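Student: Input structure: input09.csv, which contains CSV, C-alpha atoms.
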```
chain,number,residue,atom,x,y,z
D,240,MET,CA,80.2,5.8,-28.5
D,241,ARG,CA,77.5,8.4,-28.9
D,242,THR,CA,75.8,9.8,-25.9
D,243,CYS,CA,72.1,10.7,-25.4
D,244,HIS,CA,71.2,14.4,-25.1
D,245,PHE,CA,67.8,15.1,-23.7
D,246,ALA,CA,68.1,18.7,-22.3
D,247,ARG,CA,65.4,20.0,-24.6
D,248,TRP,CA,62.8,17.4,-23.7
D,249,GLU,CA,63.7,17.8,-20.1
D,250,ALA,CA,62.9,21.5,-20.2
D,251,THR,CA,59.6,20.8,-22.0
D,252,THR,CA,58.5,18.0,-19.7
D,253,PHE,CA,59.1,19.8,-16.5
D,254,SER,CA,57.6,23.2,-17.3
D,255,MET,CA,55.3,24.0,-14.4
D,256,SER,CA,53.0,26.2,-16.4
D,257,SER,CA,50.4,23.6,-17.5
D,258,PRO,CA,48.7,20.6,-15.9
D,259,PRO,CA,50.2,17.2,-16.6
D,260,SER,CA,49.6,16.0,-20.1
D,261,LEU,CA,51.1,12.6,-20.2
D,262,SER,CA,50.6,11.8,-23.9
D,263,GLN,CA,52.2,15.0,-25.2
D,264,ALA,CA,55.5,14.9,-23.4
D,265,PRO,CA,57.4,12.4,-25.6
D,266,ASP,CA,56.1,13.8,-28.8
D,267,ASP,CA,57.3,17.3,-28.0
D,268,ALA,CA,60.8,16.3,-27.7
D,269,GLY,CA,63.9,15.3,-29.7
D,270,ALA,CA,65.3,16.8,-32.9
D,271,ALA,CA,63.5,14.3,-35.1
D,272,PRO,CA,60.6,12.6,-33.4
D,273,LEU,CA,59.4,9.4,-35.1
D,274,GLU,CA,56.2,9.2,-37.0
D,275,ARG,CA,53.4,7.1,-35.6
D,276,ASP,CA,54.0,4.2,-37.9
D,277,GLU,CA,57.7,4.3,-37.4
D,278,ARG,CA,57.2,4.2,-33.7
D,279,ASP,CA,55.0,1.1,-34.0
D,280,ASP,CA,57.6,-0.5,-36.2
D,281,LEU,CA,60.4,0.3,-33.8
D,282,TYR,CA,58.3,-1.1,-31.0
D,283,HIS,CA,57.8,-4.3,-32.9
D,284,ASP,CA,61.6,-4.6,-33.6
D,285,MET,CA,62.3,-3.8,-30.0
D,286,VAL,CA,60.0,-6.6,-28.8
D,287,VAL,CA,61.7,-9.1,-31.1
D,288,GLN,CA,65.2,-8.0,-30.0
D,289,PHE,CA,64.7,-7.3,-26.3
D,290,GLY,CA,61.4,-9.0,-25.4
D,291,PRO,CA,62.9,-11.8,-23.4
D,292,ALA,CA,65.4,-9.4,-21.7
D,293,LEU,CA,62.5,-7.2,-20.6
D,294,ALA,CA,60.7,-10.2,-19.2
D,295,ARG,CA,63.8,-11.2,-17.2
D,296,LEU,CA,64.2,-7.6,-16.0
D,297,ALA,CA,60.6,-7.5,-14.8
D,298,ALA,CA,61.1,-10.8,-13.0
D,299,ALA,CA,64.3,-9.5,-11.4
D,300,TYR,CA,62.6,-6.4,-10.1
D,301,GLU,CA,59.3,-7.9,-9.0
D,302,ALA,CA,58.9,-11.2,-7.3
D,303,ASP,CA,55.1,-11.1,-7.2
D,304,PRO,CA,53.8,-12.6,-10.5
D,305,ALA,CA,50.7,-10.4,-10.5
D,306,HIS,CA,52.7,-7.2,-10.0
D,307,ARG,CA,55.3,-8.5,-12.4
D,308,GLU,CA,52.8,-8.5,-15.2
D,309,ASP,CA,51.8,-5.0,-14.4
D,310,LEU,CA,55.4,-3.9,-14.4
D,311,LEU,CA,56.1,-5.6,-17.7
D,312,GLN,CA,53.1,-3.8,-19.2
D,313,ASP,CA,54.3,-0.5,-17.8
D,314,ILE,CA,57.7,-1.0,-19.3
D,315,HIS,CA,56.3,-1.8,-22.7
D,316,LEU,CA,54.0,1.3,-22.5
D,317,ALA,CA,56.9,3.5,-21.4
D,318,LEU,CA,59.0,2.2,-24.2
D,319,TRP,CA,56.4,2.6,-26.8
D,320,ARG,CA,55.7,6.2,-25.7
D,321,SER,CA,59.4,7.0,-25.5
D,322,PHE,CA,59.9,6.0,-29.1
D,323,GLY,CA,57.9,9.1,-30.0
D,324,SER,CA,61.0,11.0,-29.2
D,325,PHE,CA,63.7,8.5,-30.1
D,326,GLY,CA,65.8,10.3,-32.7
D,327,ARG,CA,68.6,7.7,-32.6
D,328,GLN,CA,70.5,9.9,-30.3
D,329,CYS,CA,72.0,6.7,-28.8
D,330,ALA,CA,71.9,3.0,-29.5
D,331,LEU,CA,68.5,1.4,-29.3
D,332,ARG,CA,69.8,-1.0,-26.7
D,333,THR,CA,71.0,1.8,-24.4
D,334,TRP,CA,67.6,3.6,-24.8
D,335,VAL,CA,65.6,0.4,-24.1
D,336,TYR,CA,67.5,-0.5,-21.0
D,337,ARG,CA,67.5,3.0,-19.7
D,338,VAL,CA,63.7,3.4,-20.1
D,339,ALA,CA,63.1,-0.2,-18.8
D,340,HIS,CA,65.3,0.3,-15.7
D,341,ASN,CA,63.9,3.7,-14.8
D,342,THR,CA,60.3,2.4,-15.2
D,343,ALA,CA,61.1,-0.6,-13.0
D,344,ALA,CA,62.9,1.5,-10.4
D,345,SER,CA,59.8,3.7,-10.2
D,346,HIS,CA,57.6,0.7,-9.9
D,347,VAL,CA,59.7,-0.6,-7.0
D,348,ARG,CA,59.6,2.8,-5.2
D,349,ARG,CA,55.8,3.0,-5.7
D,350,HIS,CA,55.2,-0.5,-4.3
D,351,ARG,CA,57.8,-0.3,-1.6
D,352,ARG,CA,55.7,1.4,1.1
D,353,GLY,CA,53.7,-1.7,2.1
D,354,ARG,CA,56.4,-4.3,1.9
D,355,ARG,CA,59.5,-2.3,2.8
D,356,PRO,CA,62.3,-4.7,1.9
D,357,GLN,CA,65.7,-3.9,3.3
D,358,LEU,CA,67.7,-3.0,0.2
D,359,VAL,CA,71.5,-3.2,0.5
D,360,GLY,CA,74.5,-2.2,-1.7
D,361,LEU,CA,76.9,-4.5,-3.3
D,362,GLU,CA,79.5,-3.9,-0.5
D,363,GLU,CA,77.0,-4.7,2.3
D,364,LEU,CA,75.8,-7.8,0.5
D,365,GLU,CA,79.3,-8.9,0.0
D,366,ALA,CA,79.9,-8.7,3.7
D,367,ILE,CA,76.7,-10.5,4.8
D,368,ALA,CA,76.4,-13.1,2.0
D,369,ASN,CA,77.3,-16.7,2.9
D,370,ASP,CA,78.9,-19.1,0.6
D,371,THR,CA,76.2,-21.0,-1.0
D,372,ASP,CA,75.7,-24.7,-0.4
D,373,GLY,CA,76.5,-26.5,-3.6
D,374,GLU,CA,74.0,-29.2,-2.9
D,375,ARG,CA,71.2,-26.6,-2.6
D,376,LEU,CA,72.0,-25.2,-6.0
D,377,ALA,CA,71.7,-28.6,-7.6
D,378,ASP,CA,69.9,-27.5,-10.7
D,379,ALA,CA,69.7,-24.5,-12.9
D,380,GLU,CA,66.3,-23.5,-11.7
D,381,ARG,CA,67.6,-23.1,-8.1
D,382,VAL,CA,70.6,-21.2,-9.3
D,383,LEU,CA,68.3,-18.7,-11.0
D,384,GLU,CA,66.0,-18.6,-8.0
D,385,ALA,CA,69.0,-17.8,-5.8
D,386,LEU,CA,70.3,-15.2,-8.3
D,387,GLY,CA,66.8,-13.6,-8.4
D,388,ALA,CA,66.7,-13.4,-4.6
D,389,LEU,CA,70.1,-11.8,-4.5
D,390,ILE,CA,69.2,-9.2,-7.2
D,391,GLN,CA,66.1,-8.2,-5.3
D,392,ARG,CA,68.1,-7.4,-2.2
D,393,LEU,CA,70.2,-4.9,-4.0
D,394,LYS,CA,69.8,-1.1,-4.1
D,395,ALA,CA,68.6,0.3,-7.4
D,396,ILE,CA,71.9,1.3,-9.0
D,397,ASP,CA,73.7,-1.9,-8.0
D,398,ARG,CA,70.7,-3.9,-9.2
D,399,GLN,CA,70.9,-2.2,-12.5
D,400,VAL,CA,74.6,-2.8,-12.9
D,401,LEU,CA,74.2,-6.5,-12.0
D,402,LEU,CA,71.3,-7.0,-14.4
D,403,LEU,CA,73.0,-5.3,-17.2
D,404,TYR,CA,76.1,-7.3,-16.6
D,405,LEU,CA,74.1,-10.5,-16.7
D,406,GLU,CA,72.5,-9.4,-19.9
D,407,GLY,CA,75.9,-9.3,-21.4
D,408,LEU,CA,76.5,-5.5,-21.7
D,409,GLU,CA,80.1,-4.2,-21.7
D,410,VAL,CA,81.3,-1.7,-19.0
D,411,ALA,CA,81.0,1.3,-21.3
D,412,GLU,CA,77.4,0.4,-22.2
D,413,ILE,CA,76.4,-0.1,-18.6
D,414,ALA,CA,78.0,3.3,-17.8
D,415,GLU,CA,75.9,4.9,-20.5
D,416,VAL,CA,72.7,3.4,-19.3
D,417,VAL,CA,73.2,3.9,-15.6
D,418,GLY,CA,75.0,7.3,-15.7
D,419,LEU,CA,78.2,6.4,-13.7
D,420,SER,CA,81.7,6.8,-15.0
D,421,SER,CA,83.2,3.7,-16.7
D,422,ASN,CA,85.7,3.6,-13.9
D,423,HIS,CA,83.0,3.4,-11.3
D,424,VAL,CA,81.1,0.8,-13.3
D,425,SER,CA,84.1,-1.4,-13.8
D,426,GLN,CA,84.7,-1.3,-10.0
D,427,LYS,CA,81.1,-2.3,-9.5
D,428,VAL,CA,81.3,-5.0,-12.1
D,429,LEU,CA,84.4,-6.4,-10.3
D,430,ARG,CA,82.5,-6.5,-7.0
D,431,THR,CA,79.6,-8.0,-8.8
D,432,ARG,CA,81.8,-10.8,-10.2
D,433,LYS,CA,83.3,-11.5,-6.8
D,434,LEU,CA,79.9,-11.7,-5.2
D,435,LEU,CA,78.6,-14.0,-7.9
D,436,ALA,CA,81.7,-16.2,-7.6
D,437,ARG,CA,81.2,-16.4,-3.9
D,438,GLN,CA,77.5,-17.1,-4.1
D,439,PHE,CA,77.6,-19.5,-7.0
D,440,ARG,CA,81.1,-20.9,-6.9
D,441,THR,CA,82.1,-19.8,-10.3
D,442,GLY,CA,85.6,-20.8,-11.2
D,443,ASP,CA,86.9,-17.3,-12.3
D,444,SER,CA,89.7,-15.7,-10.4
D,445,TYR,CA,88.9,-12.0,-10.0
D,446,ALA,CA,91.9,-11.0,-7.9
D,447,ASP,CA,94.0,-11.2,-11.1
D,448,SER,CA,91.7,-8.8,-13.0
D,449,GLU,CA,92.1,-6.0,-10.5
F,246,MET,CA,75.0,-28.0,-10.8
F,247,GLN,CA,78.5,-26.4,-10.7
F,248,ILE,CA,78.8,-23.0,-12.3
F,249,GLN,CA,82.3,-22.7,-13.7
F,250,SER,CA,82.5,-19.2,-15.0
F,251,ASP,CA,80.6,-15.9,-15.2
F,252,GLU,CA,79.9,-16.6,-18.8
F,253,GLU,CA,78.1,-19.8,-17.8
F,254,LEU,CA,76.1,-17.9,-15.3
F,255,ARG,CA,75.3,-15.2,-17.8
F,256,ALA,CA,74.3,-17.8,-20.4
F,257,LEU,CA,72.0,-19.5,-17.8
F,258,TRP,CA,70.5,-16.1,-16.9
F,259,GLN,CA,69.9,-15.2,-20.6
F,260,GLY,CA,68.6,-18.6,-21.4
F,261,GLN,CA,66.0,-18.8,-18.8
F,262,PRO,CA,62.5,-19.3,-20.2
F,263,ALA,CA,60.8,-15.9,-20.6
F,264,SER,CA,57.5,-15.3,-22.2
F,265,ILE,CA,57.6,-12.6,-24.8
F,266,VAL,CA,54.8,-10.0,-24.4
F,267,GLN,CA,53.8,-7.8,-27.3
F,268,PHE,CA,51.0,-5.4,-27.4
F,269,THR,CA,49.4,-4.1,-30.6
F,270,ALA,CA,49.6,-0.4,-31.3
F,271,GLU,CA,45.9,-0.1,-30.6
F,272,GLN,CA,46.4,-1.7,-27.2
F,273,LEU,CA,49.2,0.6,-26.3
F,274,ARG,CA,47.4,3.7,-27.4
F,275,GLY,CA,44.4,2.5,-25.4
F,276,ARG,CA,46.5,2.0,-22.3
F,277,ALA,CA,48.2,5.3,-22.7
F,278,ALA,CA,44.9,7.0,-23.0
F,279,GLN,CA,43.5,5.1,-20.0
F,280,PHE,CA,46.5,6.0,-17.9
F,281,GLU,CA,46.1,9.7,-18.9
F,282,ARG,CA,42.4,9.6,-18.0
F,283,GLN,CA,43.2,8.1,-14.6
F,284,THR,CA,45.8,10.7,-13.8
F,285,ARG,CA,43.6,13.5,-15.0
F,286,ARG,CA,40.6,12.1,-13.0
F,287,ARG,CA,42.7,12.0,-9.8
F,288,TYR,CA,44.0,15.4,-10.5
F,289,ARG,CA,40.6,16.9,-11.1
F,290,ARG,CA,39.1,15.1,-8.1
F,291,ASP,CA,41.7,16.6,-5.8
F,292,GLN,CA,41.3,20.0,-7.4
F,293,ALA,CA,37.5,19.7,-7.0
F,294,SER,CA,37.9,18.9,-3.3
F,295,PHE,CA,39.8,22.2,-2.8
F,296,ALA,CA,37.4,24.0,-5.0
F,297,VAL,CA,34.5,22.8,-2.8
F,298,ALA,CA,36.4,23.9,0.3
F,299,ALA,CA,37.0,27.3,-1.3
F,300,ILE,CA,33.3,27.6,-2.1
F,301,LEU,CA,32.2,26.6,1.4
F,302,PHE,CA,34.6,29.0,3.1
F,303,GLY,CA,33.8,31.7,0.6
F,304,GLY,CA,30.1,31.2,1.3
F,305,ALA,CA,30.7,31.2,5.1
F,306,MET,CA,32.7,34.4,4.8
F,307,ILE,CA,29.7,36.1,3.3
F,308,ALA,CA,26.8,34.4,5.1
F,309,ILE,CA,28.0,34.1,8.7
F,310,ASP,CA,28.1,37.1,10.9
F,311,GLY,CA,31.0,37.9,13.1
F,312,ALA,CA,34.3,39.5,12.2
F,313,LEU,CA,36.4,36.6,13.7
F,314,MET,CA,34.3,34.0,11.8
F,315,ARG,CA,34.7,35.9,8.6
F,316,LEU,CA,38.4,36.4,9.0
F,317,GLY,CA,38.8,32.7,9.8
F,318,SER,CA,36.8,31.7,6.7
F,319,ALA,CA,38.8,34.1,4.6
F,320,LEU,CA,42.0,32.5,5.8
F,321,LEU,CA,40.6,29.1,5.0
F,322,LEU,CA,39.5,30.3,1.6
F,323,LEU,CA,43.0,31.5,0.9
F,324,TRP,CA,44.3,28.1,2.1
F,325,ALA,CA,42.0,26.3,-0.3
F,326,VAL,CA,43.1,28.5,-3.2
F,327,TYR,CA,46.7,27.8,-2.3
F,328,GLY,CA,45.9,24.1,-2.3
F,329,ILE,CA,44.5,24.3,-5.8
F,330,TRP,CA,47.7,26.0,-7.0
F,331,GLY,CA,49.9,23.6,-5.0
F,332,LEU,CA,48.2,20.6,-6.5
F,333,HIS,CA,48.7,22.0,-9.9
F,334,ARG,CA,52.3,22.5,-9.2
F,335,TYR,CA,53.0,19.1,-7.7
F,336,ALA,CA,50.7,16.9,-9.8
F,337,ARG,CA,53.6,16.0,-12.0
F,338,ALA,CA,55.3,14.3,-9.1
F,339,LEU,CA,52.4,11.8,-9.1
F,340,ALA,CA,52.9,10.8,-12.7
F,341,VAL,CA,54.5,7.6,-13.8
F,342,PRO,CA,57.8,8.3,-15.4
F,343,THR,CA,57.0,9.9,-18.7
F,344,ASP,CA,60.6,11.1,-18.5
F,345,ALA,CA,61.9,7.6,-18.1
F,346,SER,CA,64.3,8.0,-21.1
F,347,VAL,CA,65.1,11.6,-20.3
F,348,GLN,CA,68.2,10.9,-18.2
F,349,THR,CA,70.6,8.2,-17.1
F,350,CYS,CA,69.3,5.9,-14.4
F,351,VAL,CA,71.3,7.7,-11.6
F,352,ALA,CA,70.0,11.1,-12.6
F,353,PHE,CA,66.4,9.8,-12.9
F,354,HIS,CA,66.7,8.1,-9.6
F,355,ARG,CA,68.0,11.2,-7.9
F,356,ARG,CA,65.2,13.4,-9.3
F,357,GLN,CA,62.5,11.0,-8.2
F,358,LEU,CA,64.0,11.0,-4.7
F,359,GLU,CA,64.2,14.8,-4.7
F,360,ARG,CA,60.5,15.0,-5.7
F,361,GLN,CA,59.4,12.7,-3.0
F,362,ARG,CA,61.5,14.7,-0.4
F,363,ASP,CA,60.1,18.0,-1.6
F,364,VAL,CA,56.5,16.8,-1.5
F,365,VAL,CA,57.0,15.8,2.1
F,366,ARG,CA,58.8,19.0,3.0
F,367,GLY,CA,55.9,20.9,1.6
F,368,TRP,CA,53.5,19.3,4.1
F,369,PRO,CA,54.1,21.7,7.0
F,370,LEU,CA,53.4,24.8,4.9
F,371,GLY,CA,50.5,23.2,3.1
F,372,VAL,CA,48.7,22.1,6.3
F,373,GLY,CA,50.1,24.9,8.5
F,374,LEU,CA,48.4,27.6,6.4
F,375,ALA,CA,45.1,26.2,7.4
F,376,MET,CA,45.9,26.4,11.1
F,377,PRO,CA,45.2,30.2,11.7
F,378,GLY,CA,41.8,29.9,9.9
F,379,ILE,CA,40.8,26.8,11.9
F,380,VAL,CA,41.8,28.4,15.2
F,381,LEU,CA,39.9,31.6,14.4
F,382,VAL,CA,36.8,29.7,13.4
F,383,ALA,CA,37.0,27.6,16.5
F,384,ILE,CA,37.3,30.7,18.7
F,385,ALA,CA,34.5,32.4,16.8
F,386,GLY,CA,32.3,29.4,17.6
F,387,SER,CA,32.6,30.2,21.3
F,388,LEU,CA,32.3,34.0,21.0
F,389,GLY,CA,29.5,33.8,18.5
F,390,PRO,CA,25.7,33.6,19.1
F,391,ARG,CA,25.7,29.8,19.7
F,392,HIS,CA,28.3,30.1,22.5
F,393,ALA,CA,30.0,26.8,22.1
F,394,PRO,CA,31.7,25.8,25.4
F,395,TRP,CA,35.3,27.0,25.6
F,396,SER,CA,36.4,23.5,26.7
F,397,MET,CA,35.2,22.3,23.3
F,398,THR,CA,37.0,25.1,21.5
F,399,ILE,CA,40.2,24.4,23.3
F,400,GLY,CA,39.8,20.7,22.7
F,401,VAL,CA,39.4,21.2,19.0
F,402,ILE,CA,42.4,23.5,18.8
F,403,GLY,CA,44.4,21.0,20.9
F,404,ILE,CA,43.6,18.1,18.6
F,405,VAL,CA,44.3,20.1,15.5
F,406,ALA,CA,47.6,21.3,17.0
F,407,PHE,CA,48.6,17.7,18.0
F,408,VAL,CA,47.8,16.3,14.6
F,409,TYR,CA,49.8,19.1,13.0
F,410,LEU,CA,52.7,18.6,15.2
F,411,ALA,CA,52.7,14.8,14.6
F,412,MET,CA,52.5,15.5,10.9
F,413,LEU,CA,55.4,17.9,11.2
F,414,ILE,CA,57.6,15.4,12.9
F,415,TYR,CA,56.6,12.6,10.6
F,416,GLY,CA,57.3,14.8,7.6
F,417,GLN,CA,60.7,15.7,8.9
F,418,VAL,CA,61.6,12.0,9.5
F,419,LEU,CA,60.4,11.0,6.0
F,420,ALA,CA,62.2,13.9,4.4
F,421,GLY,CA,65.3,13.0,6.3
F,422,ARG,CA,65.1,9.4,4.9
F,423,TRP,CA,64.7,10.6,1.4
F,424,GLN,CA,67.6,13.0,1.9
F,425,GLN,CA,69.7,10.1,3.2
F,426,GLU,CA,69.0,8.1,0.1
F,427,ILE,CA,69.9,11.1,-2.1
F,428,ASP,CA,73.2,11.5,-0.1
F,429,ALA,CA,74.0,7.8,-0.4
F,430,LEU,CA,73.3,8.0,-4.2
F,431,GLU,CA,75.5,11.0,-4.5
F,432,ALA,CA,78.3,9.4,-2.5
F,433,ASN,CA,78.0,6.3,-4.6
F,434,ARG,CA,78.3,8.4,-7.7
F,435,ASN,CA,81.4,10.3,-6.5
F,436,THR,CA,83.2,7.3,-5.1
F,437,ALA,CA,85.1,6.5,-8.2
F,438,ALA,CA,84.6,9.8,-10.1
```
Take the structure in the file and give it back as structure tokens.
Tutor:
Amino acid sequence: MRTCHFARWEATTFSMSSPPSLSQAPDDAGAAPLERDERDDLYHDMVVQFGPALARLAAAYEADPAHREDLLQDIHLALWRSFGSFGRQCALRTWVYRVAHNTAASHVRRHRRGRRPQLVGLEELEAIANDTDGERLADAERVLEALGALIQRLKAIDRQVLLLYLEGLEVAEIAEVVGLSSNHVSQKVLRTRKLLARQFRTGDSYADSE
Amino acid sequence: MQIQSDEELRALWQGQPASIVQFTAEQLRGRAAQFERQTRRRYRRDQASFAVAAILFGGAMIAIDGALMRLGSALLLLWAVYGIWGLHRYARALAVPTDASVQTCVAFHRRQLERQRDVVRGWPLGVGLAMPGIVLVAIAGSLGPRHAPWSMTIGVIGIVAFVYLAMLIYGQVLAGRWQQEIDALEANRNTAA
């Protein structure tokens, strides 16, 4: 699997010698930046392929519908701008999820001051989570509601791993998006699966997979 | 509803109704331009505030008699100039992630935390540099032709010192929290490395 290399853009973006110019940064970067029309086409393709996933991601990061819409717009904008420097250094899916998660994590950090939710890691959540009452999760909507609530309690990295797992990404892909080793991600995925099994009474046996 | 497997849960998650949002290229360009305008406006407004302070203290340095008052104004002028430079340097920390695709999520997250911590760590120096000037100007007020009562001068210096001290402590606490998050992230990263 190819990996993304961004060192050149990083150096350009964080030069301290000029005032912030937000529109220029993406266009300065990458070996073969896309033309304007190509960027628009890529954005269109991205929406077709990942539009619903981005909407789910925004919903998982932001419970408030009004803020959720803002977040979704921010993600779309960040993606569209980032495509200016997308030289197919990595798979489109990796790029899209990385930009989307980073934008969402920033959004959460910006809006955290007022609400200050207590975020926990997978390990802590495992320790405090109660087995869910099967009656309460009588329909799909409630399962999703409970799943959403669980996701929003997690710290950024664990939240990213869980969401990417739910979106169907493989361990190696998750590792590439998040930036952890495949080993570490597979441990996290295992914990995630245990947590989901405990919360939602899934029938998988995870002890065997360790 | 009984969830039998992870696959079922994943299918449920992926199959939930989600409205697809798509913007036209014009809308996105418009939004990008709007965002940039907002950021520039905020940046210029803050710069202008320091510039006005620099002009006022520069003017005071020339117009008002008394060595102490002039020295105090000169120090505050230097502080305002430093503020302009500091804003220029840190303005990038205020920006929405233009670098969202630059790095993996962990690296991006860490850098954001470091920026927040560094901004808070910069408070004591940023505000502290104004302190000598304020103290000198306050003392000059009592020694000058208007002879402001010393109790007032001491009161002003006391309040300023108290606010500074409170800010110092609060800044330390906040920086400590950001550092804890950075350490936790690093520990998380190294756990299975």
Student: When distances are computed from all atoms listed in the file, which of F:Gln292, F:His354, F:Tyr327, F:Glu271 shows the smallest separation from Ala343 in chain D?
Tutor: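 Counting all atoms listed in the file, the residue closest to Ala343 in chain D is F:His354.
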Student: What is the CA of Val382 in chain D to CA of Leu435 in chain D distance in Å?
Tutor: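 That distance, rounded to one decimal, is 10.9 Å.
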Student: Skipping near chain neighbours, those fewer than 4 positions away, what residues fall within 10 Å of Ala420 in chain F using all atoms listed in the file, listed as a ChimeraX atom specification?
Tutor: /F:358-359,361-367,414-416,424-426
Student: Rank D:Arg320, D:Thr342, D:Gly360, D:Gly290 by their smallest atom-to-atom distance to Leu434 in chain D, using all atoms listed in the file, and report the top residue only.
Tutor: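 So, comparing all the options, the nearest one is D:Gly360.
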Student: Find the residue from F:Asp251, F:Gly328, F:Ile265, F:Ala411 that sits nearest to Thr431 in chain D; use all atoms listed in the file when measuring.
Tutor: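 Smallest distance to Thr431 in chain D is found for F:Asp251.
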Student: Can you tell me how far CA of Pro390 in chain F sits from CA of Ala305 in chain F, in Å to one decimal?
Tutor: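 Computed distance, CA of Pro390 in chain F to CA of Ala305 in chain F, equals 15.1 Å.
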Student: So what do you get for CA of Asn422 in chain D versus CA of Arg398 in chain D, distance-wise?
Tutor: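 A separation of 17.4 Å between them.
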